[in-house]
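Text of input-v1.cif, listed as mmCIF, N, CA and C atoms:
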data_final
#
loop_
_atom_site.label_atom_id
_atom_site.label_comp_id
_atom_site.auth_asym_id
_atom_site.auth_seq_id
_atom_site.Cartn_x
_atom_site.Cartn_y
_atom_site.Cartn_z
N MET A 460 276.89 -6.01 187.43
CA MET A 460 277.49 -6.09 186.11
C MET A 460 278.48 -7.22 186.02
N LEU A 461 279.20 -7.46 187.07
CA LEU A 461 280.17 -8.54 187.06
C LEU A 461 279.50 -9.88 186.84
N SER A 462 278.34 -10.11 187.46
CA SER A 462 277.67 -11.40 187.30
C SER A 462 277.18 -11.60 185.87
N LEU A 463 276.81 -10.54 185.16
CA LEU A 463 276.39 -10.68 183.77
C LEU A 463 277.55 -11.16 182.90
N SER A 464 278.71 -10.59 183.11
CA SER A 464 279.86 -10.98 182.27
C SER A 464 280.28 -12.41 182.56
N LYS A 465 280.07 -12.90 183.75
CA LYS A 465 280.40 -14.29 184.07
C LYS A 465 279.52 -15.24 183.26
N HIS A 466 278.28 -14.84 182.99
CA HIS A 466 277.35 -15.71 182.28
C HIS A 466 277.45 -15.56 180.77
N GLU A 467 278.17 -14.53 180.30
CA GLU A 467 278.27 -14.30 178.87
C GLU A 467 279.01 -15.41 178.14
N GLY A 468 280.10 -15.87 178.71
CA GLY A 468 280.94 -16.87 178.06
C GLY A 468 280.19 -18.09 177.56
N PRO A 469 279.50 -18.81 178.41
CA PRO A 469 278.78 -20.01 177.95
C PRO A 469 277.71 -19.68 176.91
N HIS A 470 277.04 -18.54 177.05
CA HIS A 470 276.00 -18.19 176.08
C HIS A 470 276.60 -17.94 174.71
N ARG A 471 277.75 -17.28 174.69
CA ARG A 471 278.39 -17.02 173.42
C ARG A 471 278.77 -18.32 172.73
N LYS A 472 279.24 -19.28 173.48
CA LYS A 472 279.65 -20.57 172.93
C LYS A 472 278.45 -21.29 172.28
N THR A 473 277.31 -21.36 172.96
CA THR A 473 276.16 -22.06 172.39
C THR A 473 275.56 -21.28 171.24
N ASP A 474 275.61 -19.94 171.28
CA ASP A 474 275.07 -19.15 170.18
C ASP A 474 275.85 -19.38 168.90
N ALA A 475 277.14 -19.67 169.00
CA ALA A 475 277.98 -19.86 167.83
C ALA A 475 277.72 -21.22 167.17
N MET A 476 277.22 -22.17 167.93
CA MET A 476 276.96 -23.50 167.39
C MET A 476 275.58 -23.54 166.76
N PRO A 477 275.45 -24.25 165.61
CA PRO A 477 274.10 -24.36 165.03
C PRO A 477 273.19 -25.12 165.99
N LYS A 478 271.97 -24.64 166.12
CA LYS A 478 271.05 -25.25 167.07
C LYS A 478 270.45 -26.52 166.51
N LYS A 479 270.57 -27.60 167.27
CA LYS A 479 269.89 -28.83 166.91
C LYS A 479 268.45 -28.71 167.36
N ASN A 480 267.56 -29.27 166.55
CA ASN A 480 266.14 -29.25 166.88
C ASN A 480 265.63 -27.81 167.08
N PRO A 481 265.78 -26.96 166.05
CA PRO A 481 265.39 -25.55 166.20
C PRO A 481 263.91 -25.32 166.49
N LEU A 482 263.05 -26.28 166.16
CA LEU A 482 261.62 -26.13 166.45
C LEU A 482 261.25 -26.69 167.82
N ASN A 483 262.25 -27.13 168.58
CA ASN A 483 262.03 -27.65 169.93
C ASN A 483 261.00 -28.77 169.98
N LEU A 484 261.10 -29.71 169.04
CA LEU A 484 260.21 -30.86 169.07
C LEU A 484 260.54 -31.73 170.26
N ASN A 485 259.54 -32.33 170.88
CA ASN A 485 259.80 -33.23 172.00
C ASN A 485 260.22 -34.60 171.44
N PRO A 486 260.73 -35.50 172.28
CA PRO A 486 261.22 -36.79 171.77
C PRO A 486 260.19 -37.59 170.97
N LEU A 487 258.93 -37.58 171.39
CA LEU A 487 257.91 -38.32 170.65
C LEU A 487 257.66 -37.69 169.28
N GLN A 488 257.65 -36.38 169.22
CA GLN A 488 257.49 -35.69 167.94
C GLN A 488 258.68 -35.97 167.02
N LEU A 489 259.90 -35.98 167.57
CA LEU A 489 261.09 -36.28 166.77
C LEU A 489 261.04 -37.70 166.21
N LYS A 490 260.67 -38.66 167.05
CA LYS A 490 260.56 -40.04 166.59
C LYS A 490 259.53 -40.17 165.49
N THR A 491 258.38 -39.55 165.68
CA THR A 491 257.29 -39.64 164.71
C THR A 491 257.70 -38.99 163.40
N LEU A 492 258.33 -37.83 163.47
CA LEU A 492 258.78 -37.16 162.25
C LEU A 492 259.82 -38.01 161.52
N THR A 493 260.72 -38.64 162.26
CA THR A 493 261.72 -39.52 161.66
C THR A 493 261.04 -40.64 160.87
N LEU A 494 260.02 -41.25 161.47
CA LEU A 494 259.31 -42.33 160.80
C LEU A 494 258.52 -41.83 159.59
N LEU A 495 257.86 -40.69 159.73
CA LEU A 495 257.11 -40.14 158.60
C LEU A 495 258.05 -39.80 157.44
N GLN A 496 259.23 -39.28 157.75
CA GLN A 496 260.21 -38.99 156.70
C GLN A 496 260.61 -40.26 155.97
N ALA A 497 260.87 -41.33 156.72
CA ALA A 497 261.28 -42.59 156.11
C ALA A 497 260.16 -43.20 155.27
N ILE A 498 258.94 -43.16 155.77
CA ILE A 498 257.80 -43.71 155.04
C ILE A 498 257.57 -42.89 153.76
N ALA A 499 257.74 -41.59 153.85
CA ALA A 499 257.53 -40.71 152.69
C ALA A 499 258.51 -40.99 151.56
N ARG A 500 259.64 -41.60 151.89
CA ARG A 500 260.65 -41.89 150.87
C ARG A 500 260.42 -43.25 150.20
N LEU A 501 259.42 -43.99 150.65
CA LEU A 501 259.15 -45.32 150.09
C LEU A 501 258.10 -45.26 148.99
N GLU A 502 258.46 -45.78 147.83
CA GLU A 502 257.47 -45.90 146.75
C GLU A 502 256.41 -46.91 147.22
N GLY A 503 255.20 -46.70 146.85
CA GLY A 503 254.12 -47.58 147.27
C GLY A 503 253.48 -47.12 148.58
N PHE A 504 254.23 -46.42 149.41
CA PHE A 504 253.69 -45.89 150.65
C PHE A 504 253.43 -44.39 150.53
N SER A 505 254.01 -43.79 149.50
CA SER A 505 253.83 -42.35 149.30
C SER A 505 253.85 -42.03 147.82
N LYS A 506 253.41 -40.82 147.53
CA LYS A 506 253.40 -40.33 146.15
C LYS A 506 253.74 -38.84 146.20
N PRO A 507 254.10 -38.26 145.07
CA PRO A 507 254.39 -36.82 145.08
C PRO A 507 253.18 -36.04 145.58
N GLY A 508 253.43 -35.02 146.37
CA GLY A 508 252.36 -34.17 146.88
C GLY A 508 251.92 -33.15 145.84
N ASP A 509 250.95 -32.33 146.20
CA ASP A 509 250.43 -31.31 145.29
C ASP A 509 251.46 -30.21 145.03
N THR A 510 252.32 -29.95 145.99
CA THR A 510 253.35 -28.94 145.87
C THR A 510 254.69 -29.61 145.60
N GLU A 511 255.48 -29.03 144.71
CA GLU A 511 256.76 -29.63 144.35
C GLU A 511 257.64 -29.87 145.58
N GLY A 512 258.21 -31.07 145.65
CA GLY A 512 259.09 -31.42 146.75
C GLY A 512 258.39 -32.06 147.93
N GLU A 513 257.06 -32.03 147.95
CA GLU A 513 256.32 -32.65 149.04
C GLU A 513 256.02 -34.11 148.70
N ARG A 514 255.77 -34.90 149.74
CA ARG A 514 255.39 -36.31 149.56
C ARG A 514 254.15 -36.58 150.39
N GLU A 515 253.16 -37.19 149.76
CA GLU A 515 251.93 -37.57 150.45
C GLU A 515 252.02 -39.04 150.85
N ILE A 516 251.93 -39.29 152.13
CA ILE A 516 251.93 -40.67 152.63
C ILE A 516 250.53 -41.22 152.46
N VAL A 517 250.41 -42.31 151.71
CA VAL A 517 249.10 -42.88 151.41
C VAL A 517 248.87 -44.22 152.10
N GLN A 518 249.92 -44.79 152.68
CA GLN A 518 249.79 -46.07 153.37
C GLN A 518 250.83 -46.13 154.49
N MET A 519 250.43 -46.70 155.61
CA MET A 519 251.34 -46.89 156.74
C MET A 519 251.76 -48.36 156.78
N PRO A 520 252.99 -48.62 157.21
CA PRO A 520 253.41 -50.02 157.37
C PRO A 520 252.62 -50.68 158.49
N HIS A 521 252.45 -51.99 158.40
CA HIS A 521 251.71 -52.74 159.41
C HIS A 521 252.68 -53.40 160.38
N ALA A 522 252.30 -53.37 161.65
CA ALA A 522 253.15 -53.95 162.69
C ALA A 522 253.09 -55.48 162.67
N HIS A 523 254.21 -56.06 163.03
CA HIS A 523 254.32 -57.52 163.22
C HIS A 523 254.76 -57.73 164.66
N GLY A 524 253.79 -57.85 165.56
CA GLY A 524 254.14 -58.00 166.98
C GLY A 524 254.74 -56.72 167.53
N ASP A 525 256.01 -56.77 167.93
CA ASP A 525 256.65 -55.62 168.57
C ASP A 525 257.46 -54.77 167.60
N HIS A 526 257.30 -55.01 166.29
CA HIS A 526 258.08 -54.24 165.32
C HIS A 526 257.35 -54.14 163.98
N PHE A 527 257.88 -53.32 163.10
CA PHE A 527 257.41 -53.27 161.72
C PHE A 527 258.57 -52.86 160.85
N HIS A 528 258.37 -52.96 159.55
CA HIS A 528 259.44 -52.65 158.61
C HIS A 528 259.11 -51.38 157.84
N VAL A 529 260.12 -50.56 157.67
CA VAL A 529 260.05 -49.38 156.82
C VAL A 529 261.15 -49.56 155.80
N GLY A 530 260.77 -50.02 154.62
CA GLY A 530 261.78 -50.38 153.63
C GLY A 530 262.61 -51.53 154.16
N ASP A 531 263.93 -51.37 154.14
CA ASP A 531 264.80 -52.42 154.65
C ASP A 531 265.16 -52.21 156.12
N ALA A 532 264.52 -51.26 156.77
CA ALA A 532 264.82 -50.96 158.18
C ALA A 532 263.77 -51.60 159.09
N LEU A 533 264.22 -51.97 160.27
CA LEU A 533 263.36 -52.51 161.31
C LEU A 533 263.08 -51.39 162.31
N VAL A 534 261.83 -51.24 162.70
CA VAL A 534 261.43 -50.22 163.67
C VAL A 534 260.69 -50.91 164.80
N MET A 535 261.09 -50.63 166.02
CA MET A 535 260.40 -51.19 167.18
C MET A 535 259.10 -50.43 167.40
N ALA A 536 258.05 -51.15 167.72
CA ALA A 536 256.73 -50.54 167.92
C ALA A 536 256.77 -49.45 168.99
N ARG A 537 257.60 -49.61 170.00
CA ARG A 537 257.69 -48.61 171.08
C ARG A 537 258.19 -47.26 170.56
N ASP A 538 258.90 -47.26 169.42
CA ASP A 538 259.37 -46.01 168.84
C ASP A 538 258.36 -45.38 167.89
N ALA A 539 257.22 -46.04 167.70
CA ALA A 539 256.24 -45.59 166.72
C ALA A 539 254.90 -45.19 167.33
N THR A 540 254.84 -45.01 168.63
CA THR A 540 253.56 -44.71 169.27
C THR A 540 252.97 -43.39 168.77
N GLY A 541 253.80 -42.47 168.34
CA GLY A 541 253.32 -41.19 167.84
C GLY A 541 252.54 -41.29 166.55
N LEU A 542 252.72 -42.39 165.81
CA LEU A 542 251.97 -42.56 164.57
C LEU A 542 250.47 -42.71 164.83
N ASN A 543 250.13 -43.09 166.05
CA ASN A 543 248.72 -43.25 166.43
C ASN A 543 248.24 -42.16 167.38
N ASN A 544 248.99 -41.08 167.48
CA ASN A 544 248.70 -40.03 168.45
C ASN A 544 248.38 -38.73 167.71
N GLU A 545 247.11 -38.39 167.69
CA GLU A 545 246.67 -37.21 166.94
C GLU A 545 247.34 -35.92 167.43
N ALA A 546 247.61 -35.82 168.73
CA ALA A 546 248.25 -34.61 169.25
C ALA A 546 249.65 -34.42 168.67
N VAL A 547 250.35 -35.51 168.43
CA VAL A 547 251.69 -35.43 167.83
C VAL A 547 251.58 -34.92 166.40
N TRP A 548 250.65 -35.48 165.64
CA TRP A 548 250.46 -35.05 164.25
C TRP A 548 250.07 -33.56 164.21
N THR A 549 249.21 -33.16 165.13
CA THR A 549 248.76 -31.76 165.20
C THR A 549 249.94 -30.83 165.49
N ALA A 550 250.80 -31.23 166.40
CA ALA A 550 251.98 -30.41 166.73
C ALA A 550 252.91 -30.30 165.52
N LEU A 551 253.12 -31.40 164.81
CA LEU A 551 253.97 -31.37 163.62
C LEU A 551 253.35 -30.49 162.53
N GLU A 552 252.04 -30.52 162.43
CA GLU A 552 251.36 -29.68 161.45
C GLU A 552 251.47 -28.20 161.84
N ARG A 553 251.29 -27.90 163.11
CA ARG A 553 251.38 -26.53 163.59
C ARG A 553 252.77 -25.94 163.32
N LYS A 554 253.78 -26.79 163.33
CA LYS A 554 255.15 -26.33 163.10
C LYS A 554 255.53 -26.33 161.62
N GLY A 555 254.56 -26.67 160.75
CA GLY A 555 254.78 -26.59 159.31
C GLY A 555 255.54 -27.76 158.70
N LEU A 556 255.61 -28.89 159.42
CA LEU A 556 256.37 -30.04 158.94
C LEU A 556 255.52 -31.03 158.16
N VAL A 557 254.23 -31.08 158.47
CA VAL A 557 253.29 -31.98 157.77
C VAL A 557 251.94 -31.27 157.65
N ARG A 558 251.13 -31.76 156.73
CA ARG A 558 249.70 -31.44 156.69
C ARG A 558 249.01 -32.78 156.89
N THR A 559 248.09 -32.84 157.82
CA THR A 559 247.55 -34.14 158.18
C THR A 559 246.09 -34.30 157.87
N ASN A 560 245.76 -35.56 157.65
CA ASN A 560 244.38 -36.03 157.61
C ASN A 560 244.40 -37.26 158.52
N PHE A 561 244.67 -37.00 159.81
CA PHE A 561 244.87 -38.07 160.79
C PHE A 561 243.66 -38.98 160.84
N PRO A 562 243.82 -40.26 160.92
CA PRO A 562 245.05 -41.05 160.83
C PRO A 562 245.27 -41.64 159.43
N GLN A 563 244.49 -41.20 158.45
CA GLN A 563 244.57 -41.80 157.12
C GLN A 563 245.83 -41.43 156.36
N SER A 564 246.20 -40.16 156.39
CA SER A 564 247.32 -39.75 155.56
C SER A 564 248.00 -38.51 156.14
N ALA A 565 249.17 -38.25 155.60
CA ALA A 565 249.92 -37.04 155.96
C ALA A 565 250.71 -36.63 154.73
N THR A 566 250.81 -35.34 154.52
CA THR A 566 251.67 -34.83 153.47
C THR A 566 252.88 -34.19 154.13
N MET A 567 254.04 -34.71 153.79
CA MET A 567 255.28 -34.17 154.32
C MET A 567 255.64 -32.92 153.52
N THR A 568 255.82 -31.80 154.21
CA THR A 568 256.24 -30.59 153.53
C THR A 568 257.74 -30.68 153.23
N VAL A 569 258.21 -29.80 152.39
CA VAL A 569 259.64 -29.75 152.08
C VAL A 569 260.44 -29.57 153.38
N GLU A 570 259.94 -28.70 154.25
CA GLU A 570 260.60 -28.45 155.55
C GLU A 570 260.60 -29.70 156.42
N GLY A 571 259.49 -30.42 156.39
CA GLY A 571 259.39 -31.65 157.18
C GLY A 571 260.33 -32.73 156.69
N LEU A 572 260.47 -32.84 155.38
CA LEU A 572 261.39 -33.84 154.82
C LEU A 572 262.84 -33.49 155.11
N ALA A 573 263.14 -32.20 155.18
CA ALA A 573 264.52 -31.76 155.37
C ALA A 573 264.93 -31.63 156.83
N TYR A 574 263.98 -31.66 157.76
CA TYR A 574 264.29 -31.42 159.18
C TYR A 574 265.18 -32.54 159.71
N ASP A 575 266.31 -32.18 160.29
CA ASP A 575 267.23 -33.16 160.85
C ASP A 575 266.80 -33.50 162.27
N THR A 576 266.20 -34.68 162.42
CA THR A 576 265.73 -35.10 163.74
C THR A 576 266.87 -35.64 164.60
N GLY A 577 267.95 -36.07 163.96
CA GLY A 577 269.07 -36.66 164.70
C GLY A 577 268.76 -38.05 165.23
N MET A 578 267.64 -38.65 164.81
CA MET A 578 267.23 -39.93 165.37
C MET A 578 267.17 -41.06 164.34
N THR A 579 267.51 -40.79 163.10
CA THR A 579 267.36 -41.79 162.05
C THR A 579 268.09 -43.09 162.39
N ASP A 580 269.35 -43.00 162.78
CA ASP A 580 270.12 -44.21 163.08
C ASP A 580 269.60 -44.94 164.32
N GLU A 581 269.02 -44.20 165.23
CA GLU A 581 268.49 -44.80 166.47
C GLU A 581 267.17 -45.52 166.23
N ILE A 582 266.31 -44.95 165.41
CA ILE A 582 264.96 -45.47 165.20
C ILE A 582 264.94 -46.53 164.09
N LEU A 583 265.62 -46.25 162.98
CA LEU A 583 265.62 -47.15 161.83
C LEU A 583 266.83 -48.05 161.91
N GLN A 584 266.60 -49.30 162.30
CA GLN A 584 267.70 -50.23 162.49
C GLN A 584 267.95 -51.00 161.20
N HIS A 585 269.15 -50.80 160.65
CA HIS A 585 269.54 -51.50 159.41
C HIS A 585 270.50 -52.61 159.79
N HIS A 586 270.26 -53.78 159.23
CA HIS A 586 271.12 -54.92 159.50
C HIS A 586 271.74 -55.38 158.19
N GLY A 587 273.01 -55.72 158.22
CA GLY A 587 273.71 -56.17 157.03
C GLY A 587 273.30 -57.57 156.65
N GLY A 588 273.83 -58.04 155.53
CA GLY A 588 273.60 -59.41 155.11
C GLY A 588 272.28 -59.62 154.41
N HIS A 589 271.85 -58.65 153.58
CA HIS A 589 270.57 -58.80 152.86
C HIS A 589 270.68 -59.87 151.83
#
Translate this structure into structure tokens?
Amino acid sequence: MLSLSKHEGPHRKTDAMPKKNPLNLNPLQLKTLTLLQAIARLEGFSKPGDTEGEREIVQMPHAHGDHFHVGDALVMARDATGLNNEAVWTALERKGLVRTNFPQSATMTVEGLAYDTGMTDEILQHHGGH
């Protein structure tokens, strides 16, 4: 019994904090979801989905060597490998974040658009001086 109470303290502390990444997405899934969210917010690359609040991605940005642009942000190609990985899209779909027609299109669900990946600033590099 004594050993259980020793372990209670740390568990109570983490239980009180809101859980980041509640769906336990792996790093590649998080990066891919971050990019899909950003693409879904771009006019010309997406349109309203069939369900209110959803966005259907109808076009993917094209790479220029080791990078591509998502709106005014620069994305390194190494951070976008999940866009070409059907298993990543399938995992995101299974978790209710997207509906896919890999690799042609994806519909971002309301949950997928709202999911905080915590990677936006890391993946989407914005530079001043436009």
Hey, what's within 8 Å of A:Arg537 if we count all atoms listed in the file and toss same-chain stuff fewer than 6 positions away? As a PDB file with N, CA and C atoms, in the coordinates of the input, please?
ATOM      1  N   ASP A 525     256.010 -56.770 167.930  1.00  0.00           N
ATOM      2  CA  ASP A 525     256.650 -55.620 168.570  1.00  0.00           C
ATOM      3  C   ASP A 525     257.460 -54.770 167.600  1.00  0.00           C
ATOM      4  N   HIS A 526     257.300 -55.010 166.290  1.00  0.00           N
ATOM      5  CA  HIS A 526     258.080 -54.240 165.320  1.00  0.00           C
ATOM      6  C   HIS A 526     257.350 -54.140 163.980  1.00  0.00           C
ATOM      7  N   PHE A 527     257.880 -53.320 163.100  1.00  0.00           N
ATOM      8  CA  PHE A 527     257.410 -53.270 161.720  1.00  0.00           C
ATOM      9  C   PHE A 527     258.570 -52.860 160.850  1.00  0.00           C
TER      10      PHE A 527
END
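When all atoms listed in the file are used to compute distances to A:Thr491, the closest of the residues A:Gly577, A:Gly541, A:Pro562, A:Pro520 turns out to be A:Gly541.
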Using all atoms listed in the file: which of A:Ala546, A:Leu492, A:Leu556, A:Ala536 has the shortest distance to A:Thr576
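Closest to A:Thr576 of all the choices is A:Leu492.
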Using DSSP on the backbone, list every residue of chain A that comes out as strand (DSSP E or B), and give them as a PyMOL selection string.
chain A and resi 502+505-507+514-516+523+526-529+532-535+557-560+564-567+584
Those residues you just picked out, can you put them in a file as a JSON list (two decimals), in the frame of the given file with N, CA and C atoms?
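Output (again_23.json):
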[["chain", "number", "residue", "atom", "x", "y", "z"],
["A", 502, "GLU", "N", 258.46, -45.78, 147.83],
["A", 502, "GLU", "CA", 257.47, -45.90, 146.75],
["A", 502, "GLU", "C", 256.41, -46.91, 147.22],
["A", 505, "SER", "N", 254.01, -43.79, 149.50],
["A", 505, "SER", "CA", 253.83, -42.35, 149.30],
["A", 505, "SER", "C", 253.85, -42.03, 147.82],
["A", 506, "LYS", "N", 253.41, -40.82, 147.53],
["A", 506, "LYS", "CA", 253.40, -40.33, 146.15],
["A", 506, "LYS", "C", 253.74, -38.84, 146.20],
["A", 507, "PRO", "N", 254.10, -38.26, 145.07],
["A", 507, "PRO", "CA", 254.39, -36.82, 145.08],
["A", 507, "PRO", "C", 253.18, -36.04, 145.58],
["A", 514, "ARG", "N", 255.77, -34.90, 149.74],
["A", 514, "ARG", "CA", 255.39, -36.31, 149.56],
["A", 514, "ARG", "C", 254.15, -36.58, 150.39],
["A", 515, "GLU", "N", 253.16, -37.19, 149.76],
["A", 515, "GLU", "CA", 251.93, -37.57, 150.45],
["A", 515, "GLU", "C", 252.02, -39.04, 150.85],
["A", 516, "ILE", "N", 251.93, -39.29, 152.13],
["A", 516, "ILE", "CA", 251.93, -40.67, 152.63],
["A", 516, "ILE", "C", 250.53, -41.22, 152.46],
["A", 523, "HIS", "N", 254.21, -56.06, 163.03],
["A", 523, "HIS", "CA", 254.32, -57.52, 163.22],
["A", 523, "HIS", "C", 254.76, -57.73, 164.66],
["A", 526, "HIS", "N", 257.30, -55.01, 166.29],
["A", 526, "HIS", "CA", 258.08, -54.24, 165.32],
["A", 526, "HIS", "C", 257.35, -54.14, 163.98],
["A", 527, "PHE", "N", 257.88, -53.32, 163.10],
["A", 527, "PHE", "CA", 257.41, -53.27, 161.72],
["A", 527, "PHE", "C", 258.57, -52.86, 160.85],
["A", 528, "HIS", "N", 258.37, -52.96, 159.55],
["A", 528, "HIS", "CA", 259.44, -52.65, 158.61],
["A", 528, "HIS", "C", 259.11, -51.38, 157.84],
["A", 529, "VAL", "N", 260.12, -50.56, 157.67],
["A", 529, "VAL", "CA", 260.05, -49.38, 156.82],
["A", 529, "VAL", "C", 261.15, -49.56, 155.80],
["A", 532, "ALA", "N", 264.52, -51.26, 156.77],
["A", 532, "ALA", "CA", 264.82, -50.96, 158.18],
["A", 532, "ALA", "C", 263.77, -51.60, 159.09],
["A", 533, "LEU", "N", 264.22, -51.97, 160.27],
["A", 533, "LEU", "CA", 263.36, -52.51, 161.31],
["A", 533, "LEU", "C", 263.08, -51.39, 162.31],
["A", 534, "VAL", "N", 261.83, -51.24, 162.70],
["A", 534, "VAL", "CA", 261.43, -50.22, 163.67],
["A", 534, "VAL", "C", 260.69, -50.91, 164.80],
["A", 535, "MET", "N", 261.09, -50.63, 166.02],
["A", 535, "MET", "CA", 260.40, -51.19, 167.18],
["A", 535, "MET", "C", 259.10, -50.43, 167.40],
["A", 557, "VAL", "N", 254.23, -31.08, 158.47],
["A", 557, "VAL", "CA", 253.29, -31.98, 157.77],
["A", 557, "VAL", "C", 251.94, -31.27, 157.65],
["A", 558, "ARG", "N", 251.13, -31.76, 156.73],
["A", 558, "ARG", "CA", 249.70, -31.44, 156.69],
["A", 558, "ARG", "C", 249.01, -32.78, 156.89],
["A", 559, "THR", "N", 248.09, -32.84, 157.82],
["A", 559, "THR", "CA", 247.55, -34.14, 158.18],
["A", 559, "THR", "C", 246.09, -34.30, 157.87],
["A", 560, "ASN", "N", 245.76, -35.56, 157.65],
["A", 560, "ASN", "CA", 244.38, -36.03, 157.61],
["A", 560, "ASN", "C", 244.40, -37.26, 158.52],
["A", 564, "SER", "N", 246.20, -40.16, 156.39],
["A", 564, "SER", "CA", 247.32, -39.75, 155.56],
["A", 564, "SER", "C", 248.00, -38.51, 156.14],
["A", 565, "ALA", "N", 249.17, -38.25, 155.60],
["A", 565, "ALA", "CA", 249.92, -37.04, 155.96],
["A", 565, "ALA", "C", 250.71, -36.63, 154.73],
["A", 566, "THR", "N", 250.81, -35.34, 154.52],
["A", 566, "THR", "CA", 251.67, -34.83, 153.47],
["A", 566, "THR", "C", 252.88, -34.19, 154.13],
["A", 567, "MET", "N", 254.04, -34.71, 153.79],
["A", 567, "MET", "CA", 255.28, -34.17, 154.32],
["A", 567, "MET", "C", 255.64, -32.92, 153.52],
["A", 584, "GLN", "N", 266.60, -49.30, 162.30],
["A", 584, "GLN", "CA", 267.70, -50.23, 162.49],
["A", 584, "GLN", "C", 267.95, -51.00, 161.20]]
Quick one: of A:Gly530, A:Asn544, A:Met578, A:Gln563, who's nearest to A:Ala497, counting all atoms listed in the file?
A:Gly530
Within 12 Å of A:His521, counting only C-alpha atoms, which residues qualify if same-chain residues fewer than 2 places away don't, as a ChimeraX atom specification?
/A:498,504,518-519,523-530,533-536,539,542
Please, what distance in Å, to one decimal, runs between atom C of A:Ala565 and atom C of A:Leu489?
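The value is 15.5 Å.
Near A:Gln496, within 7 Å and counting all atoms listed in the file, sit Thr491, Leu501, Gly571 and Leu572 of chain A, not including residues fewer than 5 positions from it in the same chain.
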Taking into account only C-alpha atoms, which residue in the set A:Glu513, A:Glu545, A:Asp538, A:Thr493 is nearest to A:Glu570?
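Result for the nearest residue to A:Glu570: A:Glu513.
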Residues of stretch 496-543 of chain A in alpha helix (DSSP H), written as a list in words
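Restricting stretch 496-543 of chain A to alpha helix (DSSP H) produces Gln496, Ala497, Ile498 and Ala499 of chain A.
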Can you write out the residues you just picked, keeping N, CA and C atoms, as a CSV table (one decimal), keeping the file's coordinate frame?
chain,number,residue,atom,x,y,z
A,496,GLN,N,259.2,-39.3,157.8
A,496,GLN,CA,260.2,-39.0,156.7
A,496,GLN,C,260.6,-40.3,156.0
A,497,ALA,N,260.9,-41.3,156.7
A,497,ALA,CA,261.3,-42.6,156.1
A,497,ALA,C,260.2,-43.2,155.3
A,498,ILE,N,258.9,-43.2,155.8
A,498,ILE,CA,257.8,-43.7,155.0
A,498,ILE,C,257.6,-42.9,153.8
A,499,ALA,N,257.7,-41.6,153.8
A,499,ALA,CA,257.5,-40.7,152.7
A,499,ALA,C,258.5,-41.0,151.6
Which of these residues is nearest to A:Leu583, using all atoms listed in the file: A:Thr566, A:Asp531, A:Phe561, A:Leu551?
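Using all atoms listed in the file, A:Leu583 sits closest to A:Asp531.
Going from atom CA of A:Ser564 to atom N of A:Asn543 covers 11.4 Å.
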Nearest candidate to A:Glu515 (options A:Met567, A:His585, A:Lys479, A:Val547; using all atoms listed in the file)
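Of the candidates, the smallest distance to A:Glu515 is held by A:Met567.
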Can you report as lines of an AutoDock Vina configuration file the centre and edge lengths in Å, to one decimal, of an axis-aligned box around the listed atoms of stretch 552-563 of chain A padded with 3 Å on each side?
center_x = 250.0
center_y = -33.9
center_z = 160.0
size_x = 18.7
size_y = 21.9
size_z = 13.2
